[in-house]
Structures are given as structure tokens and as C-alpha cells.
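Peer 1: Compact mmCIF, C-alpha atoms, file work-v1.txt:
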```txt
# COMPACT_ATOMS: atom_id res chain seq x y z
CA MET A 1 -52.89 -51.54 79.71
CA ILE A 2 -49.98 -49.14 80.30
CA LYS A 3 -50.69 -45.82 82.00
CA MET A 4 -48.19 -43.18 80.92
CA ARG A 5 -47.19 -40.30 83.17
CA ASP A 6 -48.35 -37.75 80.59
CA GLY A 7 -51.93 -38.90 81.05
CA ARG A 8 -52.22 -41.31 78.11
CA HIS A 9 -53.25 -44.90 78.44
CA LEU A 10 -51.99 -47.44 75.93
CA ARG A 11 -53.74 -50.70 75.25
CA CYS A 12 -51.10 -53.14 74.03
CA VAL A 13 -50.72 -56.69 72.82
CA HIS A 14 -47.62 -58.86 72.98
CA ASN A 15 -45.62 -58.62 69.77
CA ASN A 16 -44.80 -62.31 69.89
CA PRO A 17 -47.57 -64.22 71.70
CA GLN A 18 -45.68 -67.49 71.25
CA GLY A 19 -42.72 -65.99 73.10
CA GLY A 20 -44.40 -66.15 76.48
CA HIS A 21 -47.20 -64.76 78.62
CA LEU A 22 -47.97 -61.07 78.94
CA PRO A 23 -46.92 -60.03 82.47
CA ASP A 24 -49.29 -58.04 84.65
CA TYR A 25 -47.33 -54.84 85.27
CA ALA A 26 -49.93 -52.78 87.15
CA PRO A 27 -49.60 -51.06 89.51
CA HIS A 28 -45.80 -51.22 89.46
CA PRO A 29 -43.78 -48.36 87.94
CA ALA A 30 -41.94 -49.12 84.73
CA ILE A 31 -39.59 -47.43 82.31
CA VAL A 32 -41.09 -47.86 78.85
CA LEU A 33 -38.59 -47.82 75.98
CA LYS A 34 -39.94 -47.10 72.49
CA MET A 35 -38.05 -48.63 69.58
CA GLU A 36 -37.01 -46.12 66.92
CA ASP A 37 -36.38 -48.67 64.17
CA GLY A 38 -39.75 -48.15 62.53
CA THR A 39 -41.55 -50.90 64.43
CA GLY A 40 -42.80 -48.64 67.23
CA LEU A 41 -42.51 -51.54 69.68
CA LEU A 42 -42.56 -50.75 73.40
CA LEU A 43 -40.46 -52.53 75.99
CA PRO A 44 -41.73 -51.94 79.58
CA ILE A 45 -39.10 -52.63 82.23
CA ILE A 46 -40.36 -52.90 85.80
CA VAL A 47 -38.25 -50.74 88.12
CA LEU A 48 -38.25 -49.59 91.71
CA GLU A 49 -40.05 -46.34 92.42
CA MET A 50 -36.93 -44.32 93.28
CA PRO A 51 -35.13 -44.82 89.91
CA SER A 52 -38.40 -43.94 88.19
CA VAL A 53 -38.74 -40.69 90.16
CA LEU A 54 -35.08 -39.77 89.61
CA LEU A 55 -35.41 -40.45 85.88
CA MET A 56 -38.39 -38.11 85.66
CA ALA A 57 -36.38 -35.48 87.54
CA ALA A 58 -33.56 -35.81 84.99
CA VAL A 59 -35.93 -35.64 82.02
CA ARG A 60 -37.60 -32.53 83.42
CA ASN A 61 -34.30 -30.95 84.58
CA VAL A 62 -35.53 -30.84 88.18
CA GLN A 63 -32.70 -29.88 90.53
CA ILE A 64 -32.31 -32.18 93.55
CA ALA A 65 -30.80 -30.77 96.73
CA ARG A 66 -28.08 -33.39 97.17
CA PRO A 67 -26.15 -35.36 94.53
CA THR A 68 -27.78 -38.61 93.47
CA LEU A 69 -25.91 -41.84 92.85
CA TYR A 70 -26.18 -41.23 89.12
CA GLN A 71 -24.63 -37.79 89.36
CA VAL A 72 -21.77 -39.23 91.41
CA VAL A 73 -21.17 -41.98 88.83
CA LYS A 74 -21.13 -39.42 86.02
CA GLU A 75 -18.57 -37.27 87.85
CA MET A 76 -16.39 -40.30 88.63
CA ILE A 77 -16.37 -41.28 84.95
CA ASP A 78 -15.41 -37.72 83.98
CA LYS A 79 -12.59 -37.56 86.55
CA MET A 80 -11.17 -40.89 85.36
CA GLY A 81 -10.89 -39.48 81.84
CA TYR A 82 -13.65 -41.56 80.29
CA GLU A 83 -16.98 -40.69 78.72
CA VAL A 84 -20.20 -42.65 78.38
CA LYS A 85 -20.70 -43.90 74.84
CA LEU A 86 -24.03 -45.71 75.11
CA VAL A 87 -26.07 -48.13 77.18
CA ARG A 88 -27.69 -51.30 75.93
CA VAL A 89 -30.42 -53.54 77.33
CA THR A 90 -28.88 -56.89 76.50
CA LYS A 91 -30.92 -59.81 77.82
CA ARG A 92 -33.59 -61.12 80.16
CA VAL A 93 -33.01 -63.90 82.67
CA HIS A 94 -36.36 -65.12 84.00
CA GLU A 95 -38.12 -61.83 84.87
CA ALA A 96 -34.99 -59.68 85.25
CA TYR A 97 -33.50 -57.55 82.47
CA PHE A 98 -29.78 -56.84 82.21
CA ALA A 99 -28.00 -53.84 80.70
CA GLN A 100 -24.45 -52.76 79.92
CA LEU A 101 -22.81 -49.37 80.21
CA TYR A 102 -20.12 -48.67 77.59
CA LEU A 103 -17.31 -46.17 78.24
CA THR A 104 -14.52 -44.90 75.98
CA LYS A 105 -11.32 -43.10 76.93
CA VAL A 106 -11.37 -39.41 76.06
CA GLY A 107 -9.04 -38.96 73.09
CA ASP A 108 -8.66 -42.71 72.47
CA LYS A 109 -11.79 -44.42 71.13
CA THR A 110 -10.01 -47.78 71.03
CA ASP A 111 -9.82 -47.84 74.83
CA CYS A 112 -13.27 -49.18 75.73
CA VAL A 113 -14.68 -50.70 78.90
CA SER A 114 -18.15 -51.93 79.80
CA PHE A 115 -20.05 -52.70 83.00
CA ASP A 116 -23.13 -54.76 83.78
CA LEU A 117 -25.89 -52.69 85.37
CA ARG A 118 -29.55 -52.80 86.14
CA PRO A 119 -31.48 -51.22 83.22
CA SER A 120 -32.97 -48.60 85.55
CA ASP A 121 -29.48 -47.44 86.57
CA ALA A 122 -28.08 -47.61 83.03
CA ILE A 123 -30.99 -45.61 81.60
CA ASN A 124 -30.71 -42.98 84.32
CA ILE A 125 -27.02 -42.53 83.48
CA ALA A 126 -27.74 -42.45 79.74
CA VAL A 127 -30.29 -39.67 80.12
CA ARG A 128 -27.92 -37.58 82.23
CA CYS A 129 -25.04 -38.12 79.79
CA LYS A 130 -27.30 -37.69 76.72
CA VAL A 131 -26.17 -40.89 75.01
CA PRO A 132 -28.16 -43.49 73.01
CA ILE A 133 -30.10 -46.30 74.66
CA GLN A 134 -30.07 -49.50 72.62
CA VAL A 135 -32.04 -52.71 72.99
CA ASN A 136 -31.08 -56.15 71.72
CA LYS A 137 -33.33 -56.55 68.65
CA TYR A 138 -34.25 -60.16 69.46
CA LEU A 139 -35.22 -59.10 72.98
CA ALA A 140 -37.34 -56.26 71.62
CA TYR A 141 -39.08 -58.64 69.22
CA SER A 142 -39.75 -61.35 71.79
CA ASP A 143 -40.71 -59.15 74.77
CA GLY A 144 -41.94 -56.00 73.05
CA MET A 145 -45.53 -54.80 72.87
CA ARG A 146 -47.53 -53.23 70.07
CA VAL A 147 -49.96 -50.40 70.80
CA ILE A 148 -53.45 -51.10 69.50
CA GLU A 149 -55.24 -48.18 71.15
CA SER A 150 -54.09 -44.86 72.57
CA GLY A 151 -56.00 -42.10 74.29
CA LYS A 152 -56.38 -39.86 77.31
CA LEU A 153 -57.47 -41.08 80.70
CA SER A 154 -61.20 -40.66 81.18
CA ALA A 155 -60.80 -39.01 84.58
CA GLN A 156 -57.73 -37.05 85.64
CA SER A 157 -57.12 -35.11 88.78
CA PRO A 158 -57.41 -31.36 88.02
CA ALA A 159 -54.22 -30.76 89.98
CA SER A 160 -52.25 -33.38 88.07
CA ASP A 161 -49.26 -32.20 86.04
CA GLY A 162 -49.13 -35.44 84.09
CA LEU A 163 -46.88 -37.18 86.61
CA LEU A 164 -49.55 -38.85 88.68
CA PHE A 165 -51.44 -42.03 87.94
CA THR A 166 -55.15 -41.49 88.54
CA GLU A 167 -56.63 -44.98 88.66
CA LEU A 168 -56.09 -48.44 87.30
CA ASP A 169 -58.51 -50.11 84.95
CA ARG A 170 -61.15 -52.11 86.73
CA PRO A 171 -64.30 -53.46 85.08
CA SER A 172 -66.44 -51.98 87.85
CA GLY A 173 -64.71 -48.60 87.72
CA GLN A 174 -64.46 -48.68 91.49
CA PRO A 175 -61.45 -47.26 93.38
CA CYS A 176 -58.49 -49.62 93.46
CA ILE A 177 -56.60 -50.07 96.74
CA GLU A 178 -53.42 -50.97 94.84
CA THR A 179 -53.53 -47.58 93.13
CA LYS A 180 -53.92 -45.81 96.48
CA GLU A 181 -50.93 -47.70 97.85
CA PHE A 182 -48.86 -46.93 94.76
CA ASN A 183 -49.63 -43.20 94.96
CA LEU A 184 -48.76 -43.06 98.67
CA VAL A 185 -45.41 -44.78 98.05
CA ARG A 186 -44.66 -42.45 95.18
CA ASN A 187 -45.53 -39.29 97.12
CA MET A 188 -43.45 -40.46 100.09
CA LEU A 189 -40.38 -41.09 97.92
CA ILE A 190 -40.69 -37.80 96.04
CA ALA A 191 -40.88 -35.93 99.34
CA ALA A 192 -37.78 -37.80 100.58
CA VAL A 193 -35.83 -36.97 97.39
CA GLU A 194 -36.78 -33.30 97.75
CA GLU A 195 -35.79 -33.46 101.44
CA ARG A 196 -39.29 -32.62 102.65
CA TYR A 197 -38.90 -35.05 105.51
CA ARG A 198 -41.98 -33.96 107.45
CA ASP A 199 -44.14 -34.54 104.38
CA ALA A 200 -42.41 -37.87 103.77
CA ALA A 201 -43.19 -38.95 107.34
CA GLN A 202 -46.85 -38.03 106.88
CA TRP A 203 -47.08 -40.04 103.65
CA ARG A 204 -45.35 -42.96 105.43
CA ASP A 205 -47.91 -42.88 108.23
CA LYS A 206 -50.80 -42.85 105.74
CA LEU A 207 -49.21 -45.77 103.91
CA SER A 208 -48.87 -47.73 107.15
CA GLN A 209 -52.51 -47.05 108.00
CA LEU A 210 -53.67 -48.20 104.57
CA ARG A 211 -51.63 -51.40 104.74
CA ALA A 212 -52.81 -52.14 108.27
CA LYS A 213 -56.44 -51.67 107.25
CA ARG A 214 -56.00 -53.87 104.19
CA ASN A 215 -54.39 -56.67 106.22
CA PHE A 216 -57.09 -56.40 108.85
CA THR A 217 -59.92 -56.71 106.34
```
Could you write out this file's structure as C-alpha cells?
Peer 2:
Amino acid sequence: MIKMRDGRHLRCVHNNPQGGHLPDYAPHPAIVLKMEDGTGLLLPIIVLEMPSVLLMAAVRNVQIARPTLYQVVKEMIDKMGYEVKLVRVTKRVHEAYFAQLYLTKVGDKTDCVSFDLRPSDAINIAVRCKVPIQVNKYLAYSDGMRVIESGKLSAQSPASDGLLFTELDRPSGQPCIETKEFNLVRNMLIAAVEERYRDAAQWRDKLSQLRAKRNFT
């Protein structure tokens, strides 16, 4: 089950069951790439929370007080006389995906260079530079997922703007401590990015209390 930030939940099956087991992604954040080749396959890539938050900020054109690493990289590429052509998710080694960033010289398309990057970094740069994101077709086939059911979450927070996860699926429907921890981490990082350091400290303290209680019990 994949919970999308717009409030949808997608029940998926592995496109190639013989290719390996279906990883348990919850409650970790992921960037979900949708193939536009007619297959509709999804490729979830587990990422750290910060790249996920910064990607959402870029998608929503949210201005961040200080330059992010991705903005700095984009400006460096511009100043060196290059432009980003595309990024490509190329392979998976064990549980880690790899990506490449392709640059071309402005005015000379034959002058090309590429760099290995984490997919989360490459995708963040691609969104900011408005260039295509490609996926190795064999990787998409072997690791991709097919959606078999799509719908809205049964219970959403009234104050949610579509960015928050409400709860994870549990047969009992009871609150999930992993979801609480995930939301606290997310709120703390968002506050830090927006330079609301007092709020970030409060979320950090709540997170510490939750983890201490969980370890104690």
C-alpha cells in the first residue's frame, strides 16, 4: 500500500513477482515515479525525509529562506556554461538505486558530461531545471509496481492540505506508533527548512519523548 501526499492510497502488486520480494516501504518517505510509456508502472524509491520535503517545495514553488544544495548546484552548472539535459535512474545494487545527471555545453550539444548521483538528488535537480526524468526500462519492469486499486483515505485530518500522511494501514485500525514518529520527524524537518527553529526544537523534544516511551515499553 502506497500513501500519496495528495490523500490517495494505492494498492499495488509487483509487476514481476519472479524478480524478487515486494519491499515493505511504510512508513518511510519515497519518491514515486510513474512511467509514461503506456504501462502506468510505478517505481517507488525510498529517500530521506529532507529530499522529499525539498522536492515538494520545488513542485509547489514554495520559496525557502536560504539557498538549498540543489539551487547551488543549478547555479554552478549555469555559471560553468552548461545546462542540464536529463536525469536517468540507471540501476539498483542490492536495495540502493543509482542515477546519472547529464549535462551539455551551452551552444555545443556534442560536449556532454555525466555524474553519478543519488536518485533523490538527481530528481530534485531535474524538477528545478524542468528536464525529463528517465528510468532504465528493464529496471522499471523488474522493480515496478502495478496499481490494482486507487481511492481516497478513509479518514483525513480536516486541516490537511494533502501533504500529511494520516495513518498507516493496520488490520485493527488502531493508531500506529510508526506513523506518529514519521509525522514528528517530518514536521521537525519542515520547520527547520523554513527556519522556524523554535518549532523545530519543540517537534524534536516530542520526538525524543515518543522514542523514549517506546524504548521503555
Peer 1: State, in Å with one decimal place, the distance from atom CA of A:Gln134 to atom CA of A:Met80.
Peer 2: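 Going from atom CA of A:Gln134 over to atom CA of A:Met80, I get 24.4 Å.
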Peer 1: For a quick check of understanding, using all atoms listed in the file, which of A:Thr110, A:Gln71, A:Ser120, A:Gln18 has the smallest distance to A:Leu55?
Peer 2: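 Looking at the shortest contact to A:Leu55, the residue is A:Ser120.
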Peer 1: Just to confirm, what's the straight-line distance from atom CA of A:Lys91 to atom CA of A:Phe115 in Å (one decimal)?
Peer 2: 14.0 Å
Peer 1: At what distance in Å, to one decimal, does atom CA of A:Tyr97 lie from atom CA of A:Arg118?
Peer 2: 7.2 Å
Peer 1: Which residue, A:Val53, A:Val72, A:Ala30, A:Pro44, has the smallest gap to A:Asn187 when you use all atoms listed in the file?
Peer 2: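 Of all the options, A:Val53 lies closest to A:Asn187.
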Peer 1: From the list A:His28, A:Asn16, A:Lys130, A:Phe98, which residue is nearest A:Asn183 when using all atoms listed in the file?
Peer 2: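 Counting all atoms listed in the file, the residue closest to A:Asn183 is A:His28.
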Peer 1: Between A:Cys112, A:Pro51, A:Ser150, A:Ala65, single out the one closest to A:Met4, counting all atoms listed in the file.
Peer 2: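 When distances to A:Met4 are compared using all atoms listed in the file, the smallest one comes from A:Ser150.
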Peer 1: Determine the nearest neighbour of A:Thr68 from the options A:Arg128, A:Arg5, A:Lys180, A:Arg186, counting only C-alpha atoms.
Peer 2: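 Distance minimum relative to A:Thr68 lands on A:Arg128.
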Peer 1: Nearest to A:Lys3: which of A:Ile31, A:Pro17, A:Ala191, A:Asp143 is it, counting all atoms listed in the file?
Peer 2: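 Among A:Ile31, A:Pro17, A:Ala191, A:Asp143, it is A:Ile31 that comes nearest to A:Lys3.
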Peer 1: Hey, what's within 12 Å of A:Lys109 if we count all atoms listed in the file and toss same-chain stuff fewer than 5 positions away? As a list in words, please?
Peer 2: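 Neighbouring residues, sequence-local ones excluded: Gly81, Tyr82, Glu83, Val84, Lys85, Tyr102, Leu103 and Thr104 of chain A.
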